[in-house]
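S.K.: Once you've had a glance at the structure underneath, I'll fire off some questions.
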Amino acid sequence: MIKFEHVSKTYPNGVKGLQDINLEIEDGEFVGIIGMSGAGKSTFIRTINRLNNITEGKLTVDGVEISNLKGKALRRFRRKVGMIFQSYNLVPRITVIRNVMSSLVPDMPLWRVILGLFSKNDKMRALEALDRVSMLDKAFVRTDQLSGGQQQRVSLARTLAQNPSVLLADEPVAALDPVTAHEVMDDFKRINDELGQTVLINIHHVDLALDYAKRIIGIRSGRVVYDGPVSGVTQEILDNIYSKDEAE
Ligand SMILES: Nc1ncnc2c1ncn2[C@@H]1O[C@H](COP(=O)(O)OP(=O)(O)OP(=O)(O)O)[C@@H](O)[C@H]1O
C-alpha cells in the first residue's frame, strides 16, 4: 500500500509542487492521475519512487517510510516500484532484449551490460516480459528500428522484467498516435488484471484515463481536488480539475 500523509513538495525555487496530499492506494489498483499542465502530476508520481524528495509529511510504501531509504535499500526499493517515461529511455543502438535485461542488473557495471554478459535465467525473464507485451518477435531487433509504440512496449517490458509490485508511468502515451496509445494502455490494463500490479498513470488525455483507470485522482495547483471512482467523474468535476486557481 502507498500512503500519503500530509505530503507536500516545495521545489528549491519556492514553487509548491504538491500541497498537503492525504490518500492511500491499495495493492492492485489502477489509478489515472489527471490535471492541467503544471498541476503537479509528475511531481506526485515521482515522489513515490523518490525521484523527487518530499519536503513535508510522510510517504510510506508497504509500511516503509521512503524518505529514510538510502544506498542499497533505495536501489532495491526502486526495483519494486518500476517507472515508465514518455520518452522510453532505451539505449537505441542495442537489441531489444539487451535493453530489457539491463533492468535486471542495476548493480552491474555498465560495460558488462553493454557487452551483454547475462545469464540464461536473465534472458528467460526478459523474453517472458517481452511476451507479456506481444514483443517477443522483436527481441533480437535493434531498438532504434522500432516504432514509438513498440519502443514504449519494450520500455514496459524492461520494467516488468524487474518484477515490480508498483508501476508508475509518467505520460506513457503522450507521444503516440491514438490507436497506438490504446494498444499501450491495453498492455497496462492486461498487466494490472493478470499480474495484479498496482498501476499509477499520469495522463494528459482525459478520455483515456476514464476508459482505463478504475480510480481517478484529479490534481490542481498541487492539491488533490478529486479522488474517487471513474463512475463519479462528472463534467462539473472535470471543469473543476481543469480550471485555474484564482490565485494564479
Ligand atoms: N525541478 C523543478 N524545479 C522547480 N519547479 C518545478 C520543478 N519541476 C516541476 N516544477 C514546477 O512544479 C509544478 C508542477 O510540475 P509538474 O511537472 O509536476 O506538473 P505536471 O502536472 O506533471 O505538468 P505536465 O503535464 O506539463 O508535465 C509546476 O509549476 C512546475 O513548473
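In the C-alpha cells, each chain is lettered A, B, ... as it comes, each chain's residues begin at 1, and ligands are numbered from 1 in order of appearance.
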With only C-alpha atoms counted and 8 Å as the cut-off, give the residues of stretch 47-105 of chain A in contact with stretch 3-24 of chain A, each with its shortest interatomic distance in Å and the pair that gives it, as CSV.

M.R.:
```
residue,atom,partner,partner_atom,distance
A:Asn53,CA,A:Lys9,CA,7.3
A:Ile54,CA,A:Lys9,CA,4.8
A:Thr55,CA,A:Lys9,CA,4.9
A:Glu56,CA,A:Ser8,CA,4.9
A:Gly57,CA,A:Val7,CA,4.2
A:Lys58,CA,A:Glu5,CA,5.1
A:Leu59,CA,A:Phe4,CA,4.8
A:Thr60,CA,A:Lys3,CA,5.2
A:Val61,CA,A:Lys3,CA,6.4
```

S.K.: Taking C-alpha atoms for each residue, export the selection above as a JSON list (two decimals), in the first residue's frame.

M.R.:
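And here's again16.json as it stands now:
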```json
[["chain", "number", "residue", "atom", "x", "y", "z"],
["A", 53, "ASN", "CA", 12.07, 14.08, -2.36],
["A", 54, "ILE", "CA", 9.12, 15.35, -0.38],
["A", 55, "THR", "CA", 9.68, 18.36, 1.85],
["A", 56, "GLU", "CA", 6.88, 17.77, 4.37],
["A", 57, "GLY", "CA", 4.74, 14.91, 5.61],
["A", 58, "LYS", "CA", 5.16, 11.18, 5.44],
["A", 59, "LEU", "CA", 5.08, 8.87, 2.44],
["A", 60, "THR", "CA", 5.12, 5.14, 3.07],
["A", 61, "VAL", "CA", 5.17, 2.23, 0.65]]
```

S.K.: Would you mind listing, for every residue of stretch 163-218 of chain A within 7 Å of stretch 125-149 of chain A, the two atoms forming the shortest contact and the distance between them in Å to one decimal, using only C-alpha atoms, sorted by chain and ascending residue number, as a tab-separated table?

M.R.:
```
residue	atom	partner	partner_atom	distance
A:Leu176	CA	A:Gly149	CA	6.4
A:Thr180	CA	A:Gly149	CA	5.8
A:Asp187	CA	A:Val133	CA	6.1
```

S.K.: Keeping only C-alpha atoms, take the residues you just selected and write them out as a PDB file, in the first residue's frame.

M.R.:
```pdb
ATOM      1  CA  LEU A 176       1.831   8.169 -29.517  1.00  0.00           C
ATOM      2  CA  THR A 180      -1.068   3.007 -30.606  1.00  0.00           C
ATOM      3  CA  ASP A 187      -0.959  -3.604 -22.096  1.00  0.00           C
TER       4      ASP A 187
END
```

S.K.: Skip A:Leu167 itself and residues of its chain fewer than 5 positions away, then list as a ChimeraX atom specification all residues within 8 Å of it, counting only C-alpha atoms.

M.R.: /A:81-84,159,197-200

S.K.: Would you mind listing the residues within 9 Å of ligand 1, counting only C-alpha atoms and all ligand atoms, as a VMD selection string?

M.R.: chain A and resid 9 to 18 33 to 46 52 170 to 171 202 to 204 219 to 222

S.K.: Could the residues in this selection be saved with N, CA and C atoms as an mmCIF file, in the first residue's frame?

M.R.:
```cif
data_model
loop_
_atom_site.group_PDB
_atom_site.id
_atom_site.type_symbol
_atom_site.label_atom_id
_atom_site.label_comp_id
_atom_site.auth_asym_id
_atom_site.auth_seq_id
_atom_site.Cartn_x
_atom_site.Cartn_y
_atom_site.Cartn_z
ATOM 1 N N LYS A 9 5.494 19.079 -1.349
ATOM 2 C CA LYS A 9 6.791 19.171 -2.009
ATOM 3 C C LYS A 9 6.975 20.602 -2.488
ATOM 4 N N THR A 10 7.943 21.274 -1.923
ATOM 5 C CA THR A 10 8.273 22.617 -2.388
ATOM 6 C C THR A 10 9.631 22.533 -3.075
ATOM 7 N N TYR A 11 9.689 22.966 -4.321
ATOM 8 C CA TYR A 11 10.966 22.946 -5.050
ATOM 9 C C TYR A 11 11.891 24.032 -4.485
ATOM 10 N N PRO A 12 13.204 23.871 -4.699
ATOM 11 C CA PRO A 12 14.151 24.848 -4.135
ATOM 12 C C PRO A 12 13.854 26.293 -4.556
ATOM 13 N N ASN A 13 13.209 26.474 -5.726
ATOM 14 C CA ASN A 13 12.895 27.849 -6.151
ATOM 15 C C ASN A 13 11.600 28.378 -5.529
ATOM 16 N N GLY A 14 11.031 27.588 -4.616
ATOM 17 C CA GLY A 14 9.841 28.055 -3.907
ATOM 18 C C GLY A 14 8.528 27.579 -4.507
ATOM 19 N N VAL A 15 8.567 26.977 -5.707
ATOM 20 C CA VAL A 15 7.313 26.502 -6.317
ATOM 21 C C VAL A 15 6.776 25.324 -5.508
ATOM 22 N N LYS A 16 5.481 25.405 -5.215
ATOM 23 C CA LYS A 16 4.856 24.313 -4.456
ATOM 24 C C LYS A 16 4.330 23.273 -5.441
ATOM 25 N N GLY A 17 5.040 22.167 -5.559
ATOM 26 C CA GLY A 17 4.647 21.103 -6.489
ATOM 27 C C GLY A 17 3.472 20.308 -5.962
ATOM 28 N N LEU A 18 3.472 20.031 -4.660
ATOM 29 C CA LEU A 18 2.376 19.296 -4.009
ATOM 30 C C LEU A 18 2.069 19.969 -2.684
ATOM 31 N N ILE A 33 -4.061 9.669 -13.065
ATOM 32 C CA ILE A 33 -3.858 10.982 -12.443
ATOM 33 C C ILE A 33 -4.011 12.041 -13.526
ATOM 34 N N ILE A 34 -4.973 12.915 -13.321
ATOM 35 C CA ILE A 34 -5.247 13.915 -14.359
ATOM 36 C C ILE A 34 -5.127 15.321 -13.781
ATOM 37 N N GLY A 35 -4.945 16.267 -14.677
ATOM 38 C CA GLY A 35 -4.826 17.662 -14.261
ATOM 39 C C GLY A 35 -4.167 18.454 -15.370
ATOM 40 N N MET A 36 -4.222 19.762 -15.232
ATOM 41 C CA MET A 36 -3.641 20.617 -16.275
ATOM 42 C C MET A 36 -2.127 20.507 -16.276
ATOM 43 N N SER A 37 -1.534 21.005 -17.338
ATOM 44 C CA SER A 37 -0.081 21.087 -17.394
ATOM 45 C C SER A 37 0.415 21.943 -16.221
ATOM 46 N N GLY A 38 1.377 21.415 -15.493
ATOM 47 C CA GLY A 38 1.915 22.158 -14.354
ATOM 48 C C GLY A 38 1.147 21.939 -13.064
ATOM 49 N N ALA A 39 0.114 21.083 -13.091
ATOM 50 C CA ALA A 39 -0.711 20.875 -11.890
ATOM 51 C C ALA A 39 0.040 20.134 -10.790
ATOM 52 N N GLY A 40 0.991 19.277 -11.192
ATOM 53 C CA GLY A 40 1.737 18.520 -10.182
ATOM 54 C C GLY A 40 1.672 17.017 -10.377
ATOM 55 N N LYS A 41 1.208 16.585 -11.545
ATOM 56 C CA LYS A 41 1.054 15.137 -11.788
ATOM 57 C C LYS A 41 2.410 14.408 -11.747
ATOM 58 N N SER A 42 3.387 14.973 -12.450
ATOM 59 C CA SER A 42 4.711 14.330 -12.459
ATOM 60 C C SER A 42 5.324 14.368 -11.070
ATOM 61 N N THR A 43 5.175 15.483 -10.419
ATOM 62 C CA THR A 43 5.731 15.607 -9.067
ATOM 63 C C THR A 43 5.141 14.519 -8.173
ATOM 64 N N PHE A 44 3.832 14.319 -8.292
ATOM 65 C CA PHE A 44 3.135 13.316 -7.478
ATOM 66 C C PHE A 44 3.722 11.927 -7.724
ATOM 67 N N ILE A 45 3.792 11.560 -9.003
ATOM 68 C CA ILE A 45 4.287 10.214 -9.356
ATOM 69 C C ILE A 45 5.746 10.043 -8.918
ATOM 70 N N ARG A 46 6.534 11.085 -9.134
ATOM 71 C CA ARG A 46 7.968 10.961 -8.862
ATOM 72 C C ARG A 46 8.319 10.944 -7.385
ATOM 73 N N ASN A 52 11.722 12.459 -6.777
ATOM 74 C CA ASN A 52 11.557 13.732 -6.078
ATOM 75 C C ASN A 52 11.481 13.447 -4.588
ATOM 76 N N ASP A 170 4.714 7.955 -16.328
ATOM 77 C CA ASP A 170 4.602 9.408 -16.461
ATOM 78 C C ASP A 170 4.314 9.752 -17.917
ATOM 79 N N GLU A 171 3.065 9.989 -18.228
ATOM 80 C CA GLU A 171 2.624 10.301 -19.594
ATOM 81 C C GLU A 171 3.140 9.273 -20.606
ATOM 82 N N ASN A 202 0.029 8.910 -15.102
ATOM 83 C CA ASN A 202 -0.252 10.314 -15.399
ATOM 84 C C ASN A 202 -0.686 10.396 -16.831
ATOM 85 N N ILE A 203 -1.766 11.071 -17.049
ATOM 86 C CA ILE A 203 -2.276 11.028 -18.408
ATOM 87 C C ILE A 203 -2.886 12.367 -18.793
ATOM 88 N N HIS A 204 -2.479 12.834 -19.950
ATOM 89 C CA HIS A 204 -2.978 14.100 -20.479
ATOM 90 C C HIS A 204 -4.410 13.962 -20.977
ATOM 91 N N ILE A 219 -5.672 16.508 -9.918
ATOM 92 C CA ILE A 219 -4.775 17.433 -9.202
ATOM 93 C C ILE A 219 -4.874 18.816 -9.831
ATOM 94 N N ARG A 220 -4.975 19.810 -8.969
ATOM 95 C CA ARG A 220 -4.958 21.198 -9.444
ATOM 96 C C ARG A 220 -4.070 22.016 -8.513
ATOM 97 N N SER A 221 -3.111 22.706 -9.070
ATOM 98 C CA SER A 221 -2.172 23.522 -8.280
ATOM 99 C C SER A 221 -1.591 22.756 -7.091
ATOM 100 N N GLY A 222 -1.203 21.507 -7.339
ATOM 101 C CA GLY A 222 -0.529 20.726 -6.299
ATOM 102 C C GLY A 222 -1.444 20.114 -5.257
#
```

S.K.: List every residue of stretch 73-239 of chain A that DSSP, applied to the backbone of this structure, places in strand (DSSP E), and write the result as an NGL selection string.

M.R.: :A and (81-85 or 166-170 or 198-202 or 215-220 or 223-229)

S.K.: Would you give me, as an MDAnalysis selection string, the residues in stretch 76-171 of chain A that DSSP reads as helix (DSSP H, G or I)?

M.R.: chainID A and resid 76:80 96:104 110:115 120:132 136:138 143:145 148:161

S.K.: Between atom CA of A:Ile191 and atom CA of A:Leu156, what is the distance in Å, rounded to a tenth?

M.R.: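 Atom-to-atom, atom CA of A:Ile191 to atom CA of A:Leu156, that is 10.0 Å.
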
S.K.: Identify which of the residues A:Leu168, A:Thr95, A:Ala157, A:Phe30 lies closest to A:Leu51, counting only C-alpha atoms when measuring atom-to-atom distances.

M.R.: A:Leu168

S.K.: Identify, on the basis of only C-alpha atoms, every residue whose closest approach to A:Val233 does not exceed 10 Å; exclude the query and any residue fewer than 2 positions from it along the same chain; express the result as a PyMOL selection string.

M.R.: chain A and resi 210+215-218+226-231+235-238

S.K.: Hey, can you spit out that residue selection with C-alpha atoms as a compact mmCIF listing (two decimals), in the first residue's frame?

M.R.:
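Dumped to result-v1.txt:
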```
# COMPACT_ATOMS: atom_id res chain seq x y z
CA LEU A 210 -11.62 7.43 -17.91
CA ARG A 215 -9.86 5.37 -9.80
CA ILE A 216 -9.14 8.96 -10.76
CA ILE A 217 -7.05 11.43 -8.84
CA GLY A 218 -7.52 14.97 -10.09
CA TYR A 226 -10.96 14.81 -6.84
CA ASP A 227 -10.21 11.31 -5.64
CA GLY A 228 -12.73 8.62 -6.41
CA PRO A 229 -14.04 6.08 -8.87
CA VAL A 230 -14.22 6.78 -12.58
CA SER A 231 -18.01 6.50 -12.34
CA GLN A 235 -18.41 17.23 -16.17
CA GLU A 236 -18.55 19.55 -13.18
CA ILE A 237 -15.68 17.69 -11.54
CA LEU A 238 -13.65 17.85 -14.75
```

S.K.: Between A:His182, A:Lys214, A:Arg50, A:His205, which residue has the minimum interatomic distance to A:Arg79, considering only C-alpha atoms?

M.R.: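 Counting only C-alpha atoms, the residue closest to A:Arg79 is A:Arg50.
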
S.K.: Between atom CA of A:Leu74 and atom CA of A:Ile97, what is the spacing in Å?

M.R.: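 Value for the atom CA of A:Ile97-atom CA of A:Leu74 distance: 25.6 Å.
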